[in-house]
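Below: the structure, in C-alpha cells.
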Amino acid sequence: MANKRDLKRGLSYICGELFAECIATSAYSNNSDRDNVDTLLKTILCVHSDFVRRVSHPEPGMTAKKYYQALVTSFNNEVNDIVDQIGNLHG
C-alpha cells in the first residue's frame, strides 16, 4: 500500500466508474426497472462512503498490513457483487 490518499483515490475512481456504468446500462437497456437502478446507485454510494471511512479509521488491534489487505479484499468482493447486479440489469 503506497498511502491512504492513493487508496482513497482508487476507491473513488472505481465507484465512479461503477456509477457511470449503472447509469449507462439503465439508459440503454429497454427493460430496466427504475427501482432496481435506484437501489443499485444507492448501494454504490454507500459502499464508497463506507470504504473511504474505513481507510481513515483502521481497527485497533490489527496490524496495518492485515487490515488494509482485508479492506481491499472486502471492497473487491463488494465490487464483484455490484458488477453482477449491473449485468443483471441488462437482462
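Labels used: A, B, ... for chains in the order of the C-alpha cells, numbers from 1 for residues in each chain, and numbers from 1 for ligands as shown.
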
message: Which residues are near Leu7 of chain A? Cut-off 12 Å, only C-alpha atoms, ignore same chain within fewer than 5 positions. Put them as a VMD selection string.
response: chain A and resid 1 to 2 12 to 14 48 51 to 56 68 to 69 71 to 72 75

Print the selection's residues with C-alpha atoms to a file, as a PDB file, in the first residue's frame.
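Output file selection_27.pdb follows:
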```pdb
ATOM      1  CA  MET A   1       0.000   0.000   0.000  1.00  0.00           C
ATOM      2  CA  ALA A   2       1.510   3.297  -1.046  1.00  0.00           C
ATOM      3  CA  SER A  12     -13.372   6.800  -5.615  1.00  0.00           C
ATOM      4  CA  TYR A  13     -12.352   6.050  -9.192  1.00  0.00           C
ATOM      5  CA  ILE A  14     -13.786   2.522  -9.124  1.00  0.00           C
ATOM      6  CA  HIS A  48     -17.988   4.319  -1.466  1.00  0.00           C
ATOM      7  CA  PHE A  51     -14.868   2.139   2.499  1.00  0.00           C
ATOM      8  CA  VAL A  52     -13.420   5.666   2.415  1.00  0.00           C
ATOM      9  CA  ARG A  53     -14.299   5.989   6.105  1.00  0.00           C
ATOM     10  CA  ARG A  54     -12.744   2.614   6.831  1.00  0.00           C
ATOM     11  CA  VAL A  55      -9.486   3.716   5.203  1.00  0.00           C
ATOM     12  CA  SER A  56      -9.287   6.702   7.532  1.00  0.00           C
ATOM     13  CA  TYR A  68      -5.695  -2.947   4.587  1.00  0.00           C
ATOM     14  CA  GLN A  69      -5.402  -6.338   2.890  1.00  0.00           C
ATOM     15  CA  LEU A  71     -10.212  -3.975   3.417  1.00  0.00           C
ATOM     16  CA  VAL A  72      -9.141  -4.378  -0.216  1.00  0.00           C
ATOM     17  CA  PHE A  75     -14.011  -3.998  -1.357  1.00  0.00           C
TER      18      PHE A  75
END
```

query: Neighbours of segment 26-29 of chain A within 10 Å (only C-alpha atoms; same-chain residues fewer than 3 positions away dropped), as a ChimeraX atom specification?
result: /A:20-23,32-34,36-38,86,89-91

Store the residues picked out above in a file with N, CA, C and O atoms, as a PDB file, in the first residue's frame.
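Result file is out_28.pdb:
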```pdb
ATOM      1  N   ALA A  20     -21.250   5.292 -13.206  1.00  0.00           N
ATOM      2  CA  ALA A  20     -21.455   5.656 -14.611  1.00  0.00           C
ATOM      3  C   ALA A  20     -21.924   4.453 -15.431  1.00  0.00           C
ATOM      4  O   ALA A  20     -22.810   4.590 -16.291  1.00  0.00           O
ATOM      5  N   GLU A  21     -21.369   3.297 -15.168  1.00  0.00           N
ATOM      6  CA  GLU A  21     -21.777   2.089 -15.894  1.00  0.00           C
ATOM      7  C   GLU A  21     -23.226   1.727 -15.587  1.00  0.00           C
ATOM      8  O   GLU A  21     -23.977   1.313 -16.470  1.00  0.00           O
ATOM      9  N   CYS A  22     -23.628   1.896 -14.347  1.00  0.00           N
ATOM     10  CA  CYS A  22     -25.008   1.606 -13.961  1.00  0.00           C
ATOM     11  C   CYS A  22     -25.973   2.556 -14.670  1.00  0.00           C
ATOM     12  O   CYS A  22     -27.009   2.130 -15.189  1.00  0.00           O
ATOM     13  N   ILE A  23     -25.631   3.827 -14.723  1.00  0.00           N
ATOM     14  CA  ILE A  23     -26.491   4.797 -15.405  1.00  0.00           C
ATOM     15  C   ILE A  23     -26.549   4.512 -16.897  1.00  0.00           C
ATOM     16  O   ILE A  23     -27.618   4.550 -17.516  1.00  0.00           O
ATOM     17  N   SER A  32     -35.043  -2.110 -18.151  1.00  0.00           N
ATOM     18  CA  SER A  32     -34.513  -1.888 -16.810  1.00  0.00           C
ATOM     19  C   SER A  32     -35.601  -1.348 -15.887  1.00  0.00           C
ATOM     20  O   SER A  32     -36.394  -0.500 -16.261  1.00  0.00           O
ATOM     21  N   ASP A  33     -35.624  -1.861 -14.678  1.00  0.00           N
ATOM     22  CA  ASP A  33     -36.586  -1.436 -13.665  1.00  0.00           C
ATOM     23  C   ASP A  33     -35.990  -0.256 -12.898  1.00  0.00           C
ATOM     24  O   ASP A  33     -34.884  -0.342 -12.364  1.00  0.00           O
ATOM     25  N   ARG A  34     -36.693   0.836 -12.854  1.00  0.00           N
ATOM     26  CA  ARG A  34     -36.180   2.075 -12.247  1.00  0.00           C
ATOM     27  C   ARG A  34     -35.878   1.896 -10.765  1.00  0.00           C
ATOM     28  O   ARG A  34     -34.893   2.435 -10.260  1.00  0.00           O
ATOM     29  N   ASN A  36     -34.875  -0.867  -9.220  1.00  0.00           N
ATOM     30  CA  ASN A  36     -33.631  -1.622  -9.092  1.00  0.00           C
ATOM     31  C   ASN A  36     -32.424  -0.743  -9.377  1.00  0.00           C
ATOM     32  O   ASN A  36     -31.393  -0.846  -8.699  1.00  0.00           O
ATOM     33  N   VAL A  37     -32.534   0.115 -10.355  1.00  0.00           N
ATOM     34  CA  VAL A  37     -31.434   1.025 -10.694  1.00  0.00           C
ATOM     35  C   VAL A  37     -31.180   1.990  -9.543  1.00  0.00           C
ATOM     36  O   VAL A  37     -30.030   2.205  -9.151  1.00  0.00           O
ATOM     37  N   ASP A  38     -32.236   2.568  -8.992  1.00  0.00           N
ATOM     38  CA  ASP A  38     -32.079   3.494  -7.875  1.00  0.00           C
ATOM     39  C   ASP A  38     -31.446   2.810  -6.666  1.00  0.00           C
ATOM     40  O   ASP A  38     -30.560   3.373  -6.014  1.00  0.00           O
ATOM     41  N   ILE A  86     -25.239  -5.145 -12.036  1.00  0.00           N
ATOM     42  CA  ILE A  86     -25.321  -4.306 -13.236  1.00  0.00           C
ATOM     43  C   ILE A  86     -25.530  -5.191 -14.463  1.00  0.00           C
ATOM     44  O   ILE A  86     -26.303  -4.853 -15.343  1.00  0.00           O
ATOM     45  N   LEU A  89     -29.076  -6.076 -14.814  1.00  0.00           N
ATOM     46  CA  LEU A  89     -29.961  -5.001 -15.280  1.00  0.00           C
ATOM     47  C   LEU A  89     -30.158  -5.075 -16.791  1.00  0.00           C
ATOM     48  O   LEU A  89     -31.212  -4.735 -17.307  1.00  0.00           O
ATOM     49  N   HIS A  90     -29.118  -5.506 -17.466  1.00  0.00           N
ATOM     50  CA  HIS A  90     -29.169  -5.562 -18.928  1.00  0.00           C
ATOM     51  C   HIS A  90     -30.179  -6.614 -19.385  1.00  0.00           C
ATOM     52  O   HIS A  90     -30.802  -6.483 -20.423  1.00  0.00           O
ATOM     53  N   GLY A  91     -30.346  -7.636 -18.553  1.00  0.00           N
ATOM     54  CA  GLY A  91     -31.356  -8.642 -18.711  1.00  0.00           C
ATOM     55  C   GLY A  91     -31.412  -9.295 -19.997  1.00  0.00           C
ATOM     56  O   GLY A  91     -32.128 -10.044 -20.474  1.00  0.00           O
TER      57      GLY A  91
END
```

message: Could you check the closest approach to Ala24 of chain A for each of A:Ser49, A:Asn77, A:Gly87, A:Ala64 and tell me which residue wins, using only C-alpha atoms?
response: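 Of all the options, A:Gly87 lies closest to Ala24 of chain A.
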
query: If you run DSSP on this backbone, which residues of chain A come out as helix (DSSP H, G or I), and could you give them as JSON, numbers by chain?
result: {"A": [4, 5, 6, 7, 8, 9, 10, 11, 12, 13, 14, 15, 16, 17, 18, 19, 20, 21, 22, 23, 24, 25, 26, 27, 28, 34, 35, 36, 37, 38, 39, 40, 41, 42, 43, 44, 45, 46, 47, 48, 49, 50, 51, 52, 53, 54, 55, 56, 64, 65, 66, 67, 68, 69, 70, 71, 72, 73, 74, 75, 76, 77, 78, 79, 80, 81, 82, 83, 84, 85, 86, 87, 88, 89, 90]}

task: Quick one: pull the distance between atom CA of Arg5 of chain A and atom CA of Leu40 of chain A, Å, one decimal.
output: 26.1 Å

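Across the structure, atom CA of Leu11 of chain A and atom CA of Ile44 of chain A are spaced 11.0 Å apart.
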
- request: Point out the residue among A:Asp35, A:Asn30, A:Thr25, A:Gly16 with the least atom-to-atom distance to Val79 of chain A, counting only C-alpha atoms.
  value: A:Gly16
